[in-house]
$ cat query-v4.cif   # mmCIF, C-alpha atoms
data_protein
#
loop_
_atom_site.group_PDB
_atom_site.id
_atom_site.type_symbol
_atom_site.label_atom_id
_atom_site.label_comp_id
_atom_site.auth_asym_id
_atom_site.auth_seq_id
_atom_site.Cartn_x
_atom_site.Cartn_y
_atom_site.Cartn_z
ATOM 1 C CA MET W 1 42.865 8.966 -17.064
ATOM 2 C CA ARG W 2 40.491 6.786 -15.032
ATOM 3 C CA TYR W 3 41.916 8.154 -11.794
ATOM 4 C CA GLY W 4 41.087 11.695 -12.892
ATOM 5 C CA LEU W 5 37.447 10.828 -13.492
ATOM 6 C CA ALA W 6 37.237 9.172 -10.074
ATOM 7 C CA VAL W 7 38.542 12.432 -8.599
ATOM 8 C CA VAL W 8 35.809 14.362 -10.449
ATOM 9 C CA LEU W 9 33.137 12.102 -8.982
ATOM 10 C CA ALA W 10 34.645 12.386 -5.507
ATOM 11 C CA ALA W 11 34.699 16.168 -5.872
ATOM 12 C CA LEU W 12 31.051 16.206 -6.839
ATOM 13 C CA VAL W 13 30.145 14.091 -3.813
ATOM 14 C CA LEU W 14 32.086 16.553 -1.647
ATOM 15 C CA ALA W 15 30.239 19.434 -3.302
ATOM 16 C CA GLY W 16 27.022 17.907 -1.996
ATOM 17 C CA CYS W 17 28.393 18.090 1.548
ATOM 18 C CA ALA W 18 29.828 21.595 1.292
ATOM 19 C CA THR W 19 27.809 24.769 1.604
ATOM 20 C CA GLY W 20 27.543 28.095 -0.212
ATOM 21 C CA ALA W 21 30.527 29.336 -2.186
ATOM 22 C CA LYS W 22 32.532 26.249 -1.169
ATOM 23 C CA ASN W 23 29.948 24.058 -2.889
ATOM 24 C CA ILE W 24 30.258 26.073 -6.107
ATOM 25 C CA LEU W 25 34.067 26.046 -5.877
ATOM 26 C CA VAL W 26 34.197 22.238 -5.603
ATOM 27 C CA SER W 27 31.797 21.907 -8.562
ATOM 28 C CA VAL W 28 33.906 24.328 -10.629
ATOM 29 C CA GLU W 29 37.096 22.381 -9.838
ATOM 30 C CA GLY W 30 35.306 19.131 -10.755
ATOM 31 C CA ALA W 31 34.061 20.595 -14.042
ATOM 32 C CA ASP W 32 37.557 21.821 -14.879
ATOM 33 C CA LEU W 33 39.040 18.380 -14.275
ATOM 34 C CA LEU W 34 36.279 16.775 -16.361
ATOM 35 C CA GLY W 35 37.047 19.105 -19.281
ATOM 36 C CA ARG W 36 40.741 18.237 -19.131
ATOM 37 C CA GLU W 37 39.896 14.509 -19.031
ATOM 38 C CA PHE W 38 37.669 14.943 -22.098
ATOM 39 C CA ILE W 39 40.568 16.545 -23.991
ATOM 40 C CA SER W 40 42.889 13.734 -22.908
ATOM 41 C CA VAL W 41 40.455 10.952 -23.908
ATOM 42 C CA GLY W 42 39.488 12.743 -27.139
ATOM 43 C CA SER W 43 43.127 13.213 -28.123
ATOM 44 C CA SER W 44 43.683 9.472 -27.627
ATOM 45 C CA TYR W 45 40.721 8.610 -29.871
ATOM 46 C CA ASN W 46 41.905 11.106 -32.498
ATOM 47 C CA ALA W 47 45.424 9.649 -32.446
ATOM 48 C CA LEU W 48 44.157 6.053 -32.687
ATOM 49 C CA HIS W 49 41.870 6.982 -35.578
ATOM 50 C CA THR W 50 44.532 8.974 -37.420
ATOM 51 C CA SER W 51 46.948 6.027 -37.192
ATOM 52 C CA LYS W 52 44.103 3.715 -38.344
ATOM 53 C CA GLN W 53 44.354 1.638 -35.178
ATOM 54 C CA ILE W 54 40.611 1.942 -34.725
ATOM 55 C CA SER W 55 37.960 1.759 -37.415
ATOM 56 C CA ASP W 56 35.694 4.556 -38.596
ATOM 57 C CA ALA W 57 32.767 2.755 -36.959
ATOM 58 C CA GLU W 58 34.582 2.618 -33.614
ATOM 59 C CA TYR W 59 35.612 6.247 -33.895
ATOM 60 C CA LYS W 60 32.069 7.257 -34.807
ATOM 61 C CA MET W 61 30.887 6.074 -31.378
ATOM 62 C CA TRP W 62 33.287 8.560 -29.818
ATOM 63 C CA ALA W 63 32.436 11.295 -32.341
ATOM 64 C CA ASP W 64 28.705 10.976 -31.610
ATOM 65 C CA PHE W 65 29.358 11.179 -27.890
ATOM 66 C CA ALA W 66 31.757 14.143 -28.252
ATOM 67 C CA LYS W 67 29.174 16.072 -30.285
ATOM 68 C CA VAL W 68 26.711 15.743 -27.405
ATOM 69 C CA PHE W 69 29.337 16.283 -24.709
ATOM 70 C CA LYS W 70 30.597 19.622 -26.021
ATOM 71 C CA PRO W 71 27.322 21.611 -25.847
ATOM 72 C CA GLY W 72 26.390 19.840 -22.602
ATOM 73 C CA TYR W 73 29.707 20.843 -21.043
ATOM 74 C CA ASP W 74 29.428 24.401 -22.337
ATOM 75 C CA GLU W 75 25.978 24.667 -20.803
ATOM 76 C CA ALA W 76 27.199 23.291 -17.458
ATOM 77 C CA VAL W 77 30.039 25.846 -17.412
ATOM 78 C CA LYS W 78 27.660 28.732 -18.172
ATOM 79 C CA SER W 79 25.293 27.481 -15.499
ATOM 80 C CA LEU W 80 28.080 27.320 -12.895
ATOM 81 C CA LYS W 81 29.134 30.880 -13.738
ATOM 82 C CA ALA W 82 25.554 32.065 -13.369
ATOM 83 C CA ALA W 83 25.292 30.217 -10.046
ATOM 84 C CA ARG W 84 28.446 32.014 -8.880
ATOM 85 C CA VAL W 85 27.043 35.448 -9.777
ATOM 86 C CA ALA W 86 23.671 34.797 -8.129
ATOM 87 C CA ASN W 87 25.106 32.518 -5.401
ATOM 88 C CA ASP W 88 22.303 30.175 -6.464
ATOM 89 C CA GLN W 89 22.743 26.797 -4.759
ATOM 90 C CA VAL W 90 19.908 25.131 -6.696
ATOM 91 C CA GLN W 91 21.474 26.050 -10.023
ATOM 92 C CA ALA W 92 24.881 24.941 -8.733
ATOM 93 C CA LYS W 93 23.416 21.541 -7.834
ATOM 94 C CA GLN W 94 21.798 21.171 -11.280
ATOM 95 C CA SER W 95 25.144 21.954 -12.930
ATOM 96 C CA SER W 96 26.802 19.475 -10.620
ATOM 97 C CA ASP W 97 24.308 16.768 -11.649
ATOM 98 C CA ALA W 98 24.926 17.471 -15.352
ATOM 99 C CA ILE W 99 28.688 17.245 -14.787
ATOM 100 C CA ARG W 100 28.232 13.942 -12.953
ATOM 101 C CA THR W 101 26.292 12.489 -15.915
ATOM 102 C CA LEU W 102 28.955 13.645 -18.378
ATOM 103 C CA THR W 103 31.679 12.219 -16.128
ATOM 104 C CA LEU W 104 30.071 8.777 -15.992
ATOM 105 C CA ARG W 105 29.645 8.587 -19.781
ATOM 106 C CA LEU W 106 33.170 9.864 -20.409
ATOM 107 C CA GLY W 107 34.385 7.204 -17.983
ATOM 108 C CA GLU W 108 33.055 4.486 -20.281
ATOM 109 C CA PHE W 109 35.054 5.832 -23.217
ATOM 110 C CA ALA W 110 38.123 6.403 -21.073
ATOM 111 C CA GLY W 111 37.881 2.825 -19.765
ATOM 112 C CA ALA W 112 37.535 1.401 -23.283
ATOM 113 C CA VAL W 113 40.494 3.274 -24.730
ATOM 114 C CA PHE W 114 42.602 2.671 -21.597
ATOM 115 C CA THR W 115 42.077 -1.104 -21.843
ATOM 116 C CA TYR W 116 42.701 -1.040 -25.592
ATOM 117 C CA ILE W 117 46.008 0.798 -25.206
ATOM 118 C CA GLN W 118 47.028 -1.399 -22.262
ATOM 119 C CA ARG W 119 46.565 -4.500 -24.418
ATOM 120 C CA GLY W 120 48.696 -2.975 -27.140
ATOM 121 C CA GLY W 121 45.769 -2.639 -29.529
ATOM 122 C CA LYS W 122 45.383 -6.414 -29.642
ATOM 123 C CA SER W 123 41.730 -6.428 -28.650
ATOM 124 C CA GLU W 124 38.531 -4.838 -29.803
ATOM 125 C CA LEU W 125 37.933 -1.323 -28.557
ATOM 126 C CA GLY W 126 35.012 -2.536 -26.466
ATOM 127 C CA ILE W 127 32.988 0.646 -26.301
ATOM 128 C CA PRO W 128 29.875 -0.041 -24.249
ATOM 129 C CA GLU W 129 26.541 -0.071 -26.021
ATOM 130 C CA GLU W 130 24.553 3.141 -26.043
ATOM 131 C CA PRO W 131 27.402 5.311 -24.782
ATOM 132 C CA ALA W 132 25.259 8.423 -25.228
ATOM 133 C CA ARG W 133 22.503 7.192 -22.915
ATOM 134 C CA GLY W 134 21.566 9.621 -20.212
ATOM 135 C CA LEU W 135 22.933 12.491 -22.239
ATOM 136 C CA ARG W 136 19.653 13.449 -23.862
ATOM 137 C CA LEU W 137 18.698 15.559 -20.879
ATOM 138 C CA VAL W 138 22.063 17.298 -20.885
ATOM 139 C CA ALA W 139 21.761 17.962 -24.635
ATOM 140 C CA ARG W 140 18.217 19.250 -24.221
ATOM 141 C CA ARG W 141 19.342 21.654 -21.529
ATOM 142 C CA ALA W 142 22.075 22.854 -23.864
ATOM 143 C CA ALA W 143 19.675 23.409 -26.787
ATOM 144 C CA MET E 144 21.187 49.376 42.572
ATOM 145 C CA ILE E 145 24.090 47.281 41.231
ATOM 146 C CA PRO E 146 27.265 47.719 43.276
ATOM 147 C CA ILE E 147 30.016 49.465 41.318
ATOM 148 C CA GLY E 148 32.488 46.746 42.350
ATOM 149 C CA LEU E 149 30.388 44.117 40.585
ATOM 150 C CA ILE E 150 30.292 46.182 37.381
ATOM 151 C CA VAL E 151 34.061 46.691 37.477
ATOM 152 C CA ALA E 152 34.576 42.959 38.073
ATOM 153 C CA ALA E 153 32.335 42.052 35.150
ATOM 154 C CA LEU E 154 34.003 44.428 32.681
ATOM 155 C CA PRO E 155 37.200 42.461 31.779
ATOM 156 C CA PRO E 156 35.409 39.204 30.772
ATOM 157 C CA LEU E 157 32.814 41.277 28.891
ATOM 158 C CA ILE E 158 35.518 43.160 26.959
ATOM 159 C CA ASP E 159 37.328 39.876 26.362
ATOM 160 C CA GLY E 160 34.135 38.327 24.954
ATOM 161 C CA ILE E 161 33.468 41.273 22.643
ATOM 162 C CA THR E 162 37.091 41.201 21.415
ATOM 163 C CA ARG E 163 36.766 37.512 20.598
ATOM 164 C CA ILE E 164 33.538 38.070 18.687
ATOM 165 C CA ILE E 165 35.136 40.896 16.651
ATOM 166 C CA GLU E 166 38.171 38.699 15.939
ATOM 167 C CA SER E 167 35.926 35.851 14.844
ATOM 168 C CA ILE E 168 33.945 38.105 12.473
ATOM 169 C CA LYS E 169 37.216 39.457 11.053
ATOM 170 C CA GLN E 170 38.581 35.943 10.438
ATOM 171 C CA SER E 171 35.309 34.832 8.866
ATOM 172 C CA SER E 172 35.333 37.856 6.569
ATOM 173 C CA GLU E 173 38.938 37.143 5.523
ATOM 174 C CA ALA E 174 38.062 33.498 4.814
ATOM 175 C CA THR E 175 35.079 34.555 2.705
ATOM 176 C CA GLU E 176 37.256 36.962 0.732
ATOM 177 C CA GLU E 177 39.876 34.232 0.193
ATOM 178 C CA LEU E 178 37.158 31.836 -0.964
ATOM 179 C CA LYS E 179 35.827 34.417 -3.444
ATOM 180 C CA LEU E 180 39.313 34.915 -4.894
ATOM 181 C CA LYS E 181 39.787 31.146 -5.210
ATOM 182 C CA LEU E 182 36.413 30.815 -6.905
ATOM 183 C CA ASP E 183 37.160 33.590 -9.399
ATOM 184 C CA ALA E 184 40.533 32.027 -10.253
ATOM 185 C CA ALA E 185 38.900 28.592 -10.658
ATOM 186 C CA LEU E 186 36.228 30.059 -12.960
ATOM 187 C CA GLU E 187 38.924 31.653 -15.124
ATOM 188 C CA ARG E 188 40.660 28.269 -15.449
ATOM 189 C CA LEU E 189 37.298 26.660 -16.263
ATOM 190 C CA ASP E 190 36.748 29.203 -19.054
ATOM 191 C CA GLU E 191 40.112 28.287 -20.586
ATOM 192 C CA THR E 192 39.357 24.571 -20.286
ATOM 193 C CA ASN E 193 35.946 25.070 -21.890
ATOM 194 C CA ARG E 194 37.547 26.867 -24.841
ATOM 195 C CA ALA E 195 39.965 23.941 -25.260
ATOM 196 C CA VAL E 196 37.089 21.429 -25.020
ATOM 197 C CA GLN E 197 35.077 23.276 -27.672
ATOM 198 C CA SER E 198 38.081 23.433 -30.015
ATOM 199 C CA LEU E 199 39.038 19.740 -29.716
ATOM 200 C CA PRO E 200 38.748 18.417 -33.275
ATOM 201 C CA ILE E 201 36.266 15.650 -34.086
ATOM 202 C CA HIS E 202 37.056 13.731 -37.266
ATOM 203 C CA ASP E 203 34.391 13.433 -39.955
ATOM 204 C CA VAL E 204 33.409 9.782 -40.314
#
$ encode --input "query-v4.cif" --output "structure tokens"
Amino acid sequence: MRYGLAVVLAALVLAGCATGAKNILVSVEGADLLGREFISVGSSYNALHTSKQISDAEYKMWADFAKVFKPGYDEAVKSLKAARVANDQVQAKQSSDAIRTLTLRLGEFAGAVFTYIQRGGKSELGIPEEPARGLRLVARRAA
Amino acid sequence: MIPIGLIVAALPPLIDGITRIIESIKQSSEATEELKLKLDAALERLDETNRAVQSLPIHDV
């Protein structure tokens, strides 16, 4: 889970070094991996909440983040597709930046749930404060 | 006037150079085409992933 997000970040760094279509390809692969990580982390939160292993308040932190993540991710995907059609490197870089922001925030939730599961649910979930920080810009772009 | 012998002597390396340039352009074109195919396939996968992301349930709390 955490390894996957590290790969996304590495891919985005590589995208900065690559040129043209290669740059867009690396960003697309990174975005794809990020989406799959979101599903994996989200499924874990859903399962923990369904089995009442985490409280409504703890789950709400995830739910609030997920509600911002989804439109932000959708917008990043649309932007990458548009960048592919126009071969627009500036737009590709903006999408890449949005994906990087989403990856970092998702990493905080992934880290929290990973630690929680590793400790057998014998600790607090430990979601960092303000998990949705930095996402306002992404959400605004999506609006 | 350039001696004919000099022209004849210069022809093989010239032809060799042109052949290499053509080969290089051909390889570059093939690589670009391969990259485009990879990109299209990756975008299709991304579309599927995006659909799955958008349909991930969020519980009402």
$ closest_residue --input "query-v4.cif" --among "E:Ser167, E:Ser172, E:Thr162, E:Thr192" --to "chain W" --atoms "only C-alpha atoms"
E:Thr192
$ resolve_selection --input "query-v4.cif" --expression "the PyMOL selection byres ((chain E) within 7 of (chain W))" --output "PyMOL selection string"
chain E and resi 182+185-186+189+192-193+196-197+199+201+204
$ atom_distance --input "query-v4.cif" --atom1 "CA of Glu75 in chain W" --atom2 "CA of Gln94 in chain W"
11.0 Å
$ atom_distance --input "query-v4.cif" --atom1 "CA of Arg119 in chain W" --atom2 "CA of Phe65 in chain W"
23.5 Å
$ atom_distance --input "query-v4.cif" --atom1 "CA of Ala184 in chain E" --atom2 "CA of Gly20 in chain W"
16.9 Å
$ resolve_selection --input "query-v4.cif" --expression "the PyMOL selection byres ((chain W and resi 93) around 10)" --output "list of chain:residue names"
W:Leu12, W:Ala15, W:Gly16, W:Asn23, W:Ile24, W:Ser27, W:Ser79, W:Leu80, W:Ala83, W:Asp88, W:Gln89, W:Val90, W:Gln91, W:Ala92, W:Gln94, W:Ser95, W:Ser96, W:Asp97, W:Ala98, W:Ile99
$ closest_residue --input "query-v4.cif" --among "W:Ile117, W:Leu104, W:Val68, W:Val85" --to "Leu48 in chain W" --atoms "all atoms listed in the file"
W:Ile117
$ closest_residue --input "query-v4.cif" --among "W:Thr103, W:Val41, W:Ala82, W:Ala47" --to "His202 in chain E" --atoms "only C-alpha atoms"
W:Ala47
